[in-house]
$ cat input_37.txt   # compact mmCIF, C-alpha atoms and all ligand atoms
# COMPACT_ATOMS: atom_id res chain seq x y z
CA MET Y 298 71.39 67.29 104.45
CA THR Y 299 67.82 68.48 105.15
CA ARG Y 300 66.72 71.60 103.26
CA ARG Y 301 63.81 73.83 104.12
CA SER Y 302 62.76 77.29 103.04
CA ILE Y 303 61.36 80.42 104.59
CA GLY Y 304 59.35 83.10 102.79
CA VAL Y 305 60.35 86.74 103.29
CA ILE Y 306 58.16 89.67 102.25
CA MET Y 307 60.55 92.49 101.33
CA ASN Y 308 58.83 95.86 101.34
CA GLY Y 309 60.82 98.82 99.99
CA VAL Y 310 63.24 96.92 97.75
CA THR Y 311 63.20 99.67 95.15
CA GLY Y 312 64.92 101.99 97.66
CA ARG Y 313 68.62 102.47 98.26
CA MET Y 314 68.91 100.31 101.39
CA GLY Y 315 66.19 97.82 100.48
CA TYR Y 316 67.79 97.02 97.13
CA ARG Y 317 71.53 97.22 97.68
CA GLN Y 318 72.11 96.07 101.26
CA HIS Y 319 69.07 93.91 101.99
CA LEU Y 320 68.10 92.32 98.68
CA VAL Y 321 71.41 92.10 96.81
CA ARG Y 322 74.05 91.94 99.54
CA SER Y 323 71.97 89.93 102.02
CA ILE Y 324 69.04 87.87 100.74
CA LEU Y 325 70.42 87.12 97.27
CA ALA Y 326 73.85 86.40 98.76
CA ILE Y 327 72.25 83.98 101.24
CA ARG Y 328 70.37 82.31 98.37
CA ALA Y 329 73.59 82.01 96.38
CA GLN Y 330 75.36 80.29 99.27
CA GLY Y 331 72.50 77.78 99.58
CA GLY Y 332 70.69 79.32 102.54
CA VAL Y 333 71.35 79.73 106.25
CA GLU Y 334 72.87 76.81 108.12
CA LEU Y 335 71.21 75.90 111.42
CA ALA Y 336 72.88 74.28 114.45
CA ASP Y 337 71.73 70.79 113.38
CA GLY Y 338 73.14 71.20 109.86
CA THR Y 339 69.76 71.85 108.21
CA ARG Y 340 69.88 74.59 105.58
CA ILE Y 341 67.10 77.15 105.32
CA GLN Y 342 66.75 78.72 101.90
CA VAL Y 343 65.14 82.17 101.64
CA GLU Y 344 62.32 82.86 99.19
CA PRO Y 345 61.77 86.61 98.77
CA LEU Y 346 58.49 88.20 97.73
CA LEU Y 347 59.27 91.72 96.52
CA VAL Y 348 56.82 94.46 97.50
CA GLY Y 349 56.72 98.10 96.43
CA ARG Y 350 54.59 100.76 94.81
CA SER Y 351 55.94 100.62 91.27
CA GLU Y 352 55.08 97.53 89.25
CA ALA Y 353 57.62 98.43 86.56
CA LYS Y 354 60.50 98.82 89.02
CA LEU Y 355 59.64 95.59 90.81
CA ARG Y 356 59.42 93.67 87.55
CA ASP Y 357 62.81 95.04 86.49
CA ILE Y 358 64.46 94.02 89.75
CA ALA Y 359 62.82 90.58 89.70
CA GLU Y 360 63.87 89.94 86.10
CA GLN Y 361 67.38 91.19 86.67
CA HIS Y 362 67.88 88.76 89.57
CA GLY Y 363 65.89 85.79 88.31
CA LEU Y 364 63.12 86.16 90.90
CA ASP Y 365 59.50 85.41 90.11
CA ARG Y 366 57.54 86.73 93.08
CA TRP Y 367 56.64 90.41 93.37
CA THR Y 368 53.51 92.47 94.05
CA THR Y 369 52.33 96.02 94.69
CA ASP Y 370 49.64 94.69 97.06
CA VAL Y 371 51.04 94.57 100.62
CA ASP Y 372 47.83 93.08 102.02
CA ALA Y 373 47.93 90.21 99.55
CA ALA Y 374 51.59 89.58 100.46
CA LEU Y 375 50.72 89.56 104.16
CA SER Y 376 47.93 87.05 103.66
CA ASP Y 377 50.28 84.58 101.97
CA PRO Y 378 50.81 81.69 104.43
CA ASP Y 379 54.14 80.78 102.79
CA MET Y 380 55.60 84.07 103.97
CA GLN Y 381 56.76 83.89 107.60
CA ILE Y 382 58.84 87.08 107.77
CA TYR Y 383 57.89 90.66 106.89
CA PHE Y 384 60.82 93.02 106.22
CA ASP Y 385 60.48 96.81 105.95
CA ALA Y 386 62.96 99.19 104.27
CA GLN Y 387 60.37 101.77 103.24
CA LEU Y 388 60.54 105.43 104.02
CA THR Y 389 60.56 105.81 107.83
CA SER Y 390 57.29 107.78 107.87
CA VAL Y 391 55.21 104.92 106.40
CA ARG Y 392 56.81 102.10 108.38
CA GLU Y 393 54.63 102.01 111.49
CA THR Y 394 51.35 101.36 109.66
CA SER Y 395 52.87 98.53 107.65
CA ILE Y 396 54.43 96.91 110.71
CA VAL Y 397 51.11 97.02 112.56
CA LYS Y 398 49.50 95.18 109.64
CA ALA Y 399 52.32 92.63 109.62
CA ILE Y 400 51.90 91.99 113.35
CA GLU Y 401 48.16 91.50 112.83
CA ALA Y 402 48.95 89.04 110.05
CA GLY Y 403 51.11 87.06 112.50
CA LYS Y 404 54.38 87.57 110.63
CA HIS Y 405 57.77 87.73 112.28
CA ILE Y 406 59.19 91.17 111.57
CA TYR Y 407 62.59 92.52 110.71
CA THR Y 408 62.95 96.20 109.90
CA GLU Y 409 65.27 99.03 109.03
CA LYS Y 410 65.74 101.72 111.63
CA PRO Y 411 64.22 103.93 112.95
CA ILE Y 412 61.32 101.59 113.67
CA ALA Y 413 58.85 104.47 114.08
CA GLU Y 414 58.74 108.25 114.21
CA SER Y 415 58.10 108.57 117.97
CA VAL Y 416 59.02 106.66 121.12
CA GLU Y 417 55.35 106.07 121.91
CA ALA Y 418 54.78 104.55 118.47
CA ALA Y 419 57.96 102.47 118.75
CA LEU Y 420 57.02 101.13 122.20
CA ASN Y 421 53.54 100.42 120.95
CA LEU Y 422 54.99 98.29 118.14
CA ALA Y 423 57.22 96.46 120.64
CA ARG Y 424 54.26 95.74 122.96
CA ARG Y 425 52.01 94.60 120.12
CA ALA Y 426 54.68 92.34 118.65
CA ASN Y 427 55.29 90.75 122.07
CA GLN Y 428 51.58 90.27 122.70
CA ALA Y 429 51.17 88.67 119.29
CA GLY Y 430 54.14 86.40 120.02
CA VAL Y 431 55.97 87.33 116.81
CA LYS Y 432 59.76 87.55 116.69
CA ASN Y 433 60.94 91.07 116.02
CA GLY Y 434 64.24 92.65 115.07
CA VAL Y 435 65.77 95.95 113.99
CA VAL Y 436 68.83 96.50 111.82
CA HIS Y 437 71.92 97.13 114.00
CA ASP Y 438 74.37 97.01 111.08
CA LYS Y 439 77.13 99.19 112.52
CA LEU Y 440 77.90 96.58 115.21
CA TYR Y 441 78.85 94.15 112.44
CA LEU Y 442 81.33 96.49 110.73
CA PRO Y 443 84.83 94.97 110.60
CA GLY Y 444 86.30 98.02 112.36
CA LEU Y 445 83.82 97.77 115.23
CA VAL Y 446 84.22 93.99 115.45
CA LYS Y 447 87.96 94.60 116.01
CA LEU Y 448 87.17 97.33 118.53
CA ARG Y 449 84.82 95.00 120.42
CA ARG Y 450 87.60 92.40 120.59
CA LEU Y 451 89.93 94.99 122.15
CA ILE Y 452 87.23 95.90 124.69
CA ASP Y 453 86.52 92.25 125.53
CA SER Y 454 90.25 91.57 126.00
CA GLY Y 455 90.52 94.31 128.64
CA PHE Y 456 92.98 96.23 126.45
CA PHE Y 457 91.68 99.67 127.48
CA GLY Y 458 91.81 99.31 131.25
CA ARG Y 459 89.13 101.76 132.39
CA ILE Y 460 87.51 103.39 129.36
CA LEU Y 461 87.36 107.15 129.81
CA SER Y 462 85.93 108.58 126.63
CA VAL Y 463 84.76 107.97 123.09
CA ARG Y 464 85.06 110.56 120.34
CA GLY Y 465 83.32 109.90 117.06
CA GLU Y 466 83.15 111.67 113.73
CA PHE Y 467 80.55 110.61 111.21
CA GLY Y 468 79.89 112.46 108.01
CA TYR Y 469 80.73 113.68 104.56
CA TRP Y 470 79.61 116.34 102.15
CA VAL Y 471 76.16 115.63 100.67
CA PHE Y 472 75.78 117.75 97.57
CA GLU Y 473 72.94 120.23 97.63
CA GLY Y 474 71.59 118.94 94.32
CA ASP Y 475 71.91 122.06 92.19
CA TRP Y 476 75.19 121.72 90.30
CA GLN Y 477 75.83 118.09 91.29
CA SER Y 478 73.06 115.65 92.18
CA ALA Y 479 72.68 114.82 95.87
CA GLN Y 480 73.96 111.38 96.86
CA ARG Y 481 71.15 110.83 99.39
CA PRO Y 482 67.35 110.92 98.83
CA SER Y 483 65.78 114.36 99.32
CA TRP Y 484 63.31 113.17 101.99
CA ASN Y 485 66.27 112.99 104.38
CA TYR Y 486 66.35 116.80 104.40
CA ARG Y 487 62.60 117.34 104.98
CA LYS Y 488 61.35 117.05 108.57
CA GLU Y 489 57.78 116.54 107.35
CA ASP Y 490 58.89 113.39 105.46
CA GLY Y 491 60.71 111.86 108.45
CA GLY Y 492 64.14 113.29 107.56
CA GLY Y 493 66.89 114.70 109.78
CA ILE Y 494 70.33 113.51 110.80
CA VAL Y 495 69.36 113.13 114.47
CA SER Y 496 66.57 110.67 113.77
CA ASP Y 497 68.78 108.97 111.17
CA MET Y 498 71.99 108.62 113.19
CA PHE Y 499 71.13 108.74 116.91
CA CYS Y 500 69.41 105.35 116.70
CA HIS Y 501 72.72 103.96 115.41
CA TRP Y 502 74.64 105.74 118.16
CA ASP Y 503 72.34 104.32 120.81
CA TYR Y 504 73.03 100.69 119.95
CA VAL Y 505 76.73 101.24 119.19
CA LEU Y 506 77.31 102.96 122.53
CA THR Y 507 75.06 100.62 124.54
CA ASN Y 508 76.47 97.40 123.13
CA LEU Y 509 80.14 98.40 123.16
CA PHE Y 510 80.51 100.75 126.11
CA GLY Y 511 77.43 101.10 128.30
CA ARG Y 512 73.85 102.31 128.44
CA VAL Y 513 73.28 105.94 127.44
CA GLU Y 514 72.19 107.71 130.63
CA ALA Y 515 71.96 111.30 129.37
CA VAL Y 516 72.33 113.34 126.20
CA THR Y 517 73.14 116.95 125.44
CA ALA Y 518 72.92 117.85 121.77
CA ARG Y 519 72.78 120.70 119.33
CA ALA Y 520 71.04 119.93 116.04
CA VAL Y 521 71.22 122.46 113.23
CA THR Y 522 70.21 122.95 109.63
CA HIS Y 523 73.37 124.35 108.12
CA ILE Y 524 72.06 124.32 104.54
CA PRO Y 525 68.45 125.57 104.36
CA GLN Y 526 67.84 125.01 100.65
CA ARG Y 527 68.53 121.94 98.54
CA TRP Y 528 67.46 120.57 95.14
CA ASP Y 529 65.44 117.35 94.83
CA GLU Y 530 65.59 114.36 92.45
CA GLN Y 531 63.73 116.40 89.78
CA GLY Y 532 66.15 119.32 90.11
CA LYS Y 533 63.50 121.44 91.91
CA PRO Y 534 64.61 123.62 94.85
CA TYR Y 535 63.00 122.84 98.23
CA ASP Y 536 63.30 124.06 101.81
CA ALA Y 537 65.55 121.76 103.81
CA THR Y 538 63.48 121.72 107.00
CA ALA Y 539 65.36 118.94 108.78
CA ASP Y 540 68.61 119.06 110.76
CA ASP Y 541 71.67 118.20 108.66
CA ALA Y 542 74.26 118.20 111.45
CA ALA Y 543 74.22 117.29 115.14
CA TYR Y 544 76.85 117.74 117.82
CA GLY Y 545 76.17 115.48 120.79
CA ILE Y 546 77.55 114.54 124.20
CA PHE Y 547 76.37 111.18 125.54
CA GLU Y 548 76.94 110.18 129.18
CA LEU Y 549 77.26 106.44 129.57
CA ASP Y 550 76.92 103.96 132.37
CA GLY Y 551 80.25 103.76 134.22
CA GLY Y 552 81.11 107.42 133.73
CA ILE Y 553 82.27 107.13 130.10
CA VAL Y 554 81.72 110.32 128.11
CA ALA Y 555 81.06 109.93 124.39
CA GLN Y 556 81.10 112.90 122.06
CA LEU Y 557 79.81 112.25 118.55
CA ASN Y 558 79.53 114.61 115.62
CA SER Y 559 77.16 113.66 112.82
CA SER Y 560 77.09 115.80 109.71
CA TRP Y 561 76.15 115.82 106.06
CA CYS Y 562 77.95 119.15 105.73
CA VAL Y 563 81.59 118.23 106.42
CA ARG Y 564 84.45 117.41 104.11
CA VAL Y 565 86.38 114.29 104.98
CA HIS Y 566 89.90 114.61 106.39
CA ARG Y 567 89.86 111.20 108.02
CA ASP Y 568 90.68 107.68 106.89
CA GLU Y 569 87.04 106.52 106.87
CA LEU Y 570 83.54 108.05 106.78
CA VAL Y 571 83.02 107.18 110.43
CA GLU Y 572 85.73 106.92 113.06
CA PHE Y 573 85.64 106.43 116.80
CA GLN Y 574 88.58 107.13 119.10
CA VAL Y 575 88.42 105.33 122.43
CA ASP Y 576 90.75 106.37 125.22
CA GLY Y 577 91.33 104.23 128.28
CA THR Y 578 93.80 104.16 131.15
CA GLU Y 579 95.77 101.29 129.58
CA GLY Y 580 95.45 102.09 125.90
CA SER Y 581 93.59 103.81 123.09
CA ALA Y 582 92.17 102.78 119.74
CA VAL Y 583 90.72 104.38 116.64
CA ALA Y 584 88.18 102.28 114.77
CA GLY Y 585 86.50 103.02 111.46
CA LEU Y 586 84.29 101.03 109.11
CA HIS Y 587 87.04 98.55 108.28
CA ASN Y 588 90.20 99.41 110.13
CA CYS Y 589 91.21 99.67 113.72
CA VAL Y 590 94.52 100.82 115.17
CA ALA Y 591 95.61 100.73 118.79
CA GLN Y 592 98.24 102.26 121.01
CA HIS Y 593 99.16 100.70 124.33
CA ARG Y 594 100.13 102.66 127.45
CA GLY Y 595 103.64 101.23 127.25
CA ALA Y 596 104.04 102.44 123.66
CA THR Y 597 102.55 105.89 124.13
CA PRO Y 598 104.87 108.72 123.01
CA ARG Y 599 105.41 111.76 125.17
CA PRO Y 600 104.37 114.83 123.17
CA VAL Y 601 105.38 118.23 124.51
CA TRP Y 602 103.38 121.32 123.58
CA ASN Y 603 105.62 123.82 121.82
CA PRO Y 604 103.90 126.08 119.30
CA ASP Y 605 107.21 127.55 118.18
CA LEU Y 606 108.35 124.32 116.54
CA VAL Y 607 106.95 122.60 113.46
CA GLU Y 608 105.57 119.18 114.48
CA THR Y 609 107.98 116.37 113.66
CA GLU Y 610 106.28 113.46 115.45
CA PRO Y 611 104.66 111.06 112.95
CA PHE Y 612 101.65 110.53 115.23
CA ARG Y 613 99.69 108.32 112.85
CA ASP Y 614 102.64 105.95 112.46
CA GLN Y 615 102.75 105.32 116.19
CA TRP Y 616 99.68 103.06 116.17
CA GLN Y 617 99.49 99.33 115.66
CA ASP Y 618 97.08 97.76 113.21
CA VAL Y 619 94.50 95.46 114.85
CA PRO Y 620 94.14 92.35 112.67
CA ALA Y 621 90.76 90.90 111.67
CA ASN Y 622 91.84 87.31 112.53
CA THR Y 623 88.65 86.05 110.91
CA ASP Y 624 86.56 86.70 107.81
CA VAL Y 625 84.00 89.40 108.51
CA ASP Y 626 80.99 89.07 106.22
CA ASN Y 627 78.74 91.94 105.09
CA GLY Y 628 77.11 93.19 108.31
CA PHE Y 629 73.60 93.38 106.90
CA LYS Y 630 73.87 89.77 105.69
CA ALA Y 631 75.35 88.55 108.98
CA GLN Y 632 72.44 90.08 110.89
CA TRP Y 633 69.90 88.64 108.44
CA GLU Y 634 71.35 85.20 109.09
CA GLU Y 635 71.08 85.71 112.85
CA PHE Y 636 67.50 86.89 112.55
CA ILE Y 637 66.51 83.91 110.40
CA ARG Y 638 68.09 81.54 112.96
CA HIS Y 639 66.23 83.45 115.67
CA VAL Y 640 62.93 82.81 113.86
CA VAL Y 641 63.59 79.20 112.94
CA GLU Y 642 65.58 77.77 115.86
CA ASP Y 643 65.21 80.51 118.48
CA GLY Y 644 68.87 81.52 118.13
CA PRO Y 645 70.07 84.66 119.93
CA HIS Y 646 69.14 88.03 118.45
CA PRO Y 647 68.94 90.72 121.16
CA TYR Y 648 68.28 93.59 118.75
CA ASP Y 649 64.50 93.63 119.06
CA PHE Y 650 61.83 96.34 118.78
CA LEU Y 651 62.53 97.47 122.36
CA ALA Y 652 66.17 98.09 121.35
CA GLY Y 653 64.81 99.95 118.31
CA ALA Y 654 62.55 102.03 120.57
CA ARG Y 655 65.58 102.96 122.69
CA GLY Y 656 67.23 104.34 119.55
CA VAL Y 657 64.16 106.38 118.69
CA ARG Y 658 64.07 107.66 122.27
CA LEU Y 659 67.70 108.84 122.03
CA ALA Y 660 66.86 110.69 118.82
CA GLU Y 661 63.81 112.31 120.43
CA ALA Y 662 65.85 113.28 123.48
CA GLY Y 663 68.61 114.71 121.27
CA LEU Y 664 66.13 116.93 119.48
CA GLU Y 665 64.53 117.97 122.77
CA SER Y 666 67.95 118.80 124.21
CA SER Y 667 68.73 120.94 121.20
CA ALA Y 668 65.40 122.75 121.16
CA GLU Y 669 65.42 123.48 124.90
CA GLY Y 670 69.15 123.93 125.37
CA LYS Y 671 69.32 121.38 128.17
CA ARG Y 672 70.74 118.00 129.19
CA ILE Y 673 68.18 115.19 129.02
CA ALA Y 674 68.48 112.27 131.47
CA LEU Y 675 67.42 108.90 130.08
CA PRO Y 676 66.05 106.39 132.57
CA GLU Y 677 66.06 102.71 131.56
CA LEU Y 678 63.40 102.09 128.91
CA THR Y 679 61.01 99.22 129.58
CA LEU Y 680 57.79 98.01 127.99
N1 LIG M 701 70.91 101.00 108.40
C1 LIG M 701 71.41 102.03 107.76
O1 LIG M 701 72.59 102.29 107.79
C2 LIG M 701 70.51 102.93 106.94
C3 LIG M 701 71.07 103.83 106.03
C4 LIG M 701 70.21 104.62 105.28
C5 LIG M 701 68.84 104.53 105.44
N2 LIG M 701 68.33 103.66 106.36
C6 LIG M 701 66.88 103.55 106.57
O2 LIG M 701 66.32 102.83 105.47
C7 LIG M 701 65.04 103.35 105.14
C8 LIG M 701 65.01 103.65 103.63
O3 LIG M 701 65.99 104.63 103.35
P1 LIG M 701 66.63 104.75 101.88
O4 LIG M 701 67.82 105.62 102.02
O5 LIG M 701 66.74 103.42 101.25
O6 LIG M 701 65.49 105.60 101.16
P2 LIG M 701 64.97 105.53 99.66
O7 LIG M 701 64.24 106.80 99.44
O8 LIG M 701 66.06 105.17 98.71
O9 LIG M 701 63.94 104.31 99.66
C9 LIG M 701 62.68 104.40 100.27
C10 LIG M 701 61.79 103.25 99.84
O10 LIG M 701 60.49 103.51 100.37
C11 LIG M 701 59.55 103.58 99.30
N3 LIG M 701 58.62 104.67 99.56
C12 LIG M 701 58.85 105.97 99.40
N4 LIG M 701 57.76 106.69 99.71
C13 LIG M 701 56.82 105.81 100.06
C14 LIG M 701 55.48 105.94 100.45
N5 LIG M 701 54.88 107.13 100.59
N6 LIG M 701 54.83 104.81 100.73
C15 LIG M 701 55.45 103.60 100.62
N7 LIG M 701 56.72 103.45 100.23
C16 LIG M 701 57.39 104.53 99.96
C17 LIG M 701 60.33 103.86 98.05
O11 LIG M 701 59.61 103.39 96.93
C18 LIG M 701 61.60 103.10 98.33
O12 LIG M 701 61.45 101.74 98.01
C19 LIG M 701 64.83 104.56 106.03
O13 LIG M 701 63.99 104.21 107.09
C20 LIG M 701 66.20 104.90 106.56
O14 LIG M 701 66.16 105.45 107.86
C21 LIG M 701 69.14 102.86 107.09
$ encode --input "input_37.txt" --output "structure tokens"
Amino acid sequence: MTRRSIGVIMNGVTGRMGYRQHLVRSILAIRAQGGVELADGTRIQVEPLLVGRSEAKLRDIAEQHGLDRWTTDVDAALSDPDMQIYFDAQLTSVRETSIVKAIEAGKHIYTEKPIAESVEAALNLARRANQAGVKNGVVHDKLYLPGLVKLRRLIDSGFFGRILSVRGEFGYWVFEGDWQSAQRPSWNYRKEDGGGIVSDMFCHWDYVLTNLFGRVEAVTARAVTHIPQRWDEQGKPYDATADDAAYGIFELDGGIVAQLNSSWCVRVHRDELVEFQVDGTEGSAVAGLHNCVAQHRGATPRPVWNPDLVETEPFRDQWQDVPANTDVDNGFKAQWEEFIRHVVEDGPHPYDFLAGARGVRLAEAGLESSAEGKRIALPELTL
């Protein structure tokens, strides 16, 4: 069997996503399995070069995982001809500048979302990457979740008939940081540092809705800051200037209406941290991160509204579990493998910078809708 390798610059590996999902669960897992297998049976091993601002943290991570390449000098990393891919999991607000440098260095680029802080900047990156002829991709991890993979199978099988609506709940309580430490980084709650739940989540909602149900044609949203003061990693109070909850209505191609709540200020009374209910003329389904249950038209009970009686119907028991039927790997890793095949053998990977720009545009439109109190129509986005 032929073996080759590909060098990947990983910027932001000291962060939550960069370390856990991208380095440990994806790149190191791919290394451990002997690389990515191509169509002709060749295996491509990945050789990461860790990049960050703290030498001590990088050295610790490298030593812990038996890696020997790390640097605090992004420019030096970008000038290394052995490195074909640049990956970015830095803070959103510093991403654009680094990606521009990576394009100029001729690297193929894979990045966390959102790809930039404005639509103009995102489209600019997409245009520049295309002009430079470098492959480009944005994390679309939610599409690879086992629950959504099952949901997609139901959609593809025609189970729903005509899909009418989608109702989604995403969220959990993020501690303020005073009496219990916050479980998300404090920059998420500061607008000036690129925080906010709309910019964080609407780019996910754009690709989930577009790829499963239809293009988002309009949005009406209300974004709020429910908790105006939080405590940072040093225990210091700060003004939470960014939105921490958003209530959105998304009108999709084909007349489907999606209503999605995103909140860091809700307590969970659900089976999973995100759940989508899809209702169609022939059946309905509820999908979460892992699970998916369905109810067919022919098995739908006939509830009757009677507020005088205590409810006796076991509604949750009336749904059928949708099986996985196949092993579903970690979504971040699965997408990494697709992107590497895209770079090496031109395999399919439709989730490019333009798709990333569409996500940023939905976030921008959501914030505009909220600020102006109006519905924002979204024409097709092109380069
Ligand atoms: N796909 C997803 O589900 C998902 C989930 C959470 C976050 N994200 C995205 O991942 C990115 C990182 O988020 P995170 O939660 O890991 O944040 P984090 O704060 O844990 O990590 C941020 C990283 O950026 C680096 N960094 C911070 N400030 C910097 C600066 N001024 N210059 C250069 N580097 C700097 C940090 O050292 C760290 O490595 C964000 O863009 C976020 O939107 C994606």
$ closest_residue --input "input_37.txt" --among "Y:Gly312, Y:Gly430, Y:Gly580, Y:Pro620" --to "Y:Arg450" --atoms "all atoms listed in the file"
Y:Pro620
$ closest_residue --input "input_37.txt" --among "Y:Val640, Y:Val371, Y:Leu448, Y:Leu335" --to "Y:Ala399" --atoms "all atoms listed in the file"
Y:Val371
$ closest_atom_pairs --input "input_37.txt" --of "chain Y" --to "ligand LIG 701 (chain M)" --cutoff "10 Å" --atoms "all atoms listed in the file" --output "tab-separated table"
residue	atom	partner	partner_atom	distance
Y:Met307	CA	M:LIG701	O12	9.9
Y:Asn308	CA	M:LIG701	O12	7.2
Y:Gly309	CA	M:LIG701	O12	3.6
Y:Val310	CA	M:LIG701	O12	5.1
Y:Thr311	CA	M:LIG701	O12	3.9
Y:Gly312	CA	M:LIG701	O9	3.2
Y:Arg313	CA	M:LIG701	O5	3.7
Y:Met314	CA	M:LIG701	O5	3.8
Y:Gly315	CA	M:LIG701	O5	5.7
Y:Tyr316	CA	M:LIG701	O5	7.7
Y:Arg317	CA	M:LIG701	O5	8.6
Y:Gln318	CA	M:LIG701	N1	8.8
Y:His319	CA	M:LIG701	N1	9.7
Y:Val348	CA	M:LIG701	O12	8.6
Y:Gly349	CA	M:LIG701	O11	6.0
Y:Arg350	CA	M:LIG701	O11	6.1
Y:Ser351	CA	M:LIG701	O11	7.3
Y:Lys354	CA	M:LIG701	O11	9.2
Y:Leu355	CA	M:LIG701	O12	9.6
Y:Asp385	CA	M:LIG701	C7	8.0
Y:Ala386	CA	M:LIG701	C7	4.7
Y:Gln387	CA	M:LIG701	O10	3.4
Y:Leu388	CA	M:LIG701	O10	4.1
Y:Thr389	CA	M:LIG701	O13	3.9
Y:Ser390	CA	M:LIG701	O13	7.6
Y:Val391	CA	M:LIG701	N6	5.7
Y:Arg392	CA	M:LIG701	O13	7.6
Y:Ser395	CA	M:LIG701	C15	9.0
Y:Thr408	CA	M:LIG701	O13	8.6
Y:Glu409	CA	M:LIG701	O2	5.3
Y:Lys410	CA	M:LIG701	O14	5.3
Y:Pro411	CA	M:LIG701	O14	5.7
Y:Ile412	CA	M:LIG701	O13	7.6
Y:Ala413	CA	M:LIG701	O13	8.7
Y:Glu414	CA	M:LIG701	O13	9.7
Y:Val435	CA	M:LIG701	N1	9.1
Y:Val436	CA	M:LIG701	N1	6.0
Y:His437	CA	M:LIG701	N1	6.9
Y:Asp438	CA	M:LIG701	N1	5.9
Y:Lys439	CA	M:LIG701	O1	7.3
Y:Gln480	CA	M:LIG701	O4	9.9
Y:Arg481	CA	M:LIG701	O4	6.7
Y:Pro482	CA	M:LIG701	O7	5.2
Y:Ser483	CA	M:LIG701	O7	7.7
Y:Trp484	CA	M:LIG701	O7	6.9
Y:Asn485	CA	M:LIG701	O4	7.9
Y:Asp490	CA	M:LIG701	N5	8.9
Y:Gly491	CA	M:LIG701	O13	8.4
Y:Gly492	CA	M:LIG701	O14	8.1
Y:Gly493	CA	M:LIG701	O14	9.5
Y:Ile494	CA	M:LIG701	O14	9.5
Y:Ser496	CA	M:LIG701	O14	7.9
Y:Asp497	CA	M:LIG701	O14	5.5
Y:Met498	CA	M:LIG701	O1	8.3
Y:Cys500	CA	M:LIG701	O14	9.4
Y:His501	CA	M:LIG701	O1	7.8
Y:Gly628	CA	M:LIG701	N1	10.0
Y:Phe629	CA	M:LIG701	N1	8.2
$ residues_around --input "input_37.txt" --residues "Y:Arg328" --least-positions-apart "6" --cutoff "10 Å" --atoms "all atoms listed in the file" --output "ChimeraX atom specification"
/Y:321,341-345
$ residues_around --input "input_37.txt" --residues "Y:Glu334" --least-positions-apart "5" --cutoff "12 Å" --atoms "only C-alpha atoms" --output "VMD selection string"
chain Y and resid 298 to 302 327 to 328 339 to 343 634 to 635 637 to 638 641 to 642 644
$ atom_distance --input "input_37.txt" --atom1 "atom CA of Y:Thr507" --atom2 "atom CA of Y:Ala423"
18.7 Å
$ closest_residue --input "input_37.txt" --among "Y:Asn603, Y:Thr394, Y:Ser581, Y:Ser666" --to "Y:Leu422" --atoms "only C-alpha atoms"
Y:Thr394
$ atom_distance --input "input_37.txt" --atom1 "atom CA of Y:Ile546" --atom2 "atom CA of Y:Pro676"
16.4 Å
$ build_atoms --input "input_37.txt" --residues "stretch 321-331 of chain Y" --atoms "N, CA and C atoms" --output "JSON list (two decimals), keeping the file's coordinate frame"
[["chain", "number", "residue", "atom", "x", "y", "z"],
["Y", 321, "VAL", "N", 70.24, 92.62, 97.54],
["Y", 321, "VAL", "CA", 71.41, 92.10, 96.81],
["Y", 321, "VAL", "C", 72.48, 91.54, 97.75],
["Y", 322, "ARG", "N", 72.91, 92.36, 98.71],
["Y", 322, "ARG", "CA", 74.05, 91.94, 99.54],
["Y", 322, "ARG", "C", 73.66, 90.93, 100.60],
["Y", 323, "SER", "N", 72.37, 90.86, 100.96],
["Y", 323, "SER", "CA", 71.97, 89.93, 102.02],
["Y", 323, "SER", "C", 71.18, 88.74, 101.48],
["Y", 324, "ILE", "N", 69.92, 88.99, 101.08],
["Y", 324, "ILE", "CA", 69.04, 87.87, 100.74],
["Y", 324, "ILE", "C", 69.53, 87.11, 99.50],
["Y", 325, "LEU", "N", 69.94, 87.84, 98.46],
["Y", 325, "LEU", "CA", 70.42, 87.12, 97.27],
["Y", 325, "LEU", "C", 71.75, 86.42, 97.55],
["Y", 326, "ALA", "N", 72.57, 87.04, 98.39],
["Y", 326, "ALA", "CA", 73.85, 86.40, 98.76],
["Y", 326, "ALA", "C", 73.59, 85.13, 99.58],
["Y", 327, "ILE", "N", 72.59, 85.17, 100.45],
["Y", 327, "ILE", "CA", 72.25, 83.98, 101.24],
["Y", 327, "ILE", "C", 71.71, 82.89, 100.32],
["Y", 328, "ARG", "N", 70.87, 83.30, 99.34],
["Y", 328, "ARG", "CA", 70.37, 82.31, 98.37],
["Y", 328, "ARG", "C", 71.53, 81.66, 97.61],
["Y", 329, "ALA", "N", 72.48, 82.51, 97.19],
["Y", 329, "ALA", "CA", 73.59, 82.01, 96.38],
["Y", 329, "ALA", "C", 74.46, 81.02, 97.17],
["Y", 330, "GLN", "N", 74.52, 81.20, 98.47],
["Y", 330, "GLN", "CA", 75.36, 80.29, 99.27],
["Y", 330, "GLN", "C", 74.56, 79.05, 99.71],
["Y", 331, "GLY", "N", 73.30, 78.96, 99.27],
["Y", 331, "GLY", "CA", 72.50, 77.78, 99.58],
["Y", 331, "GLY", "C", 71.72, 77.89, 100.87]]
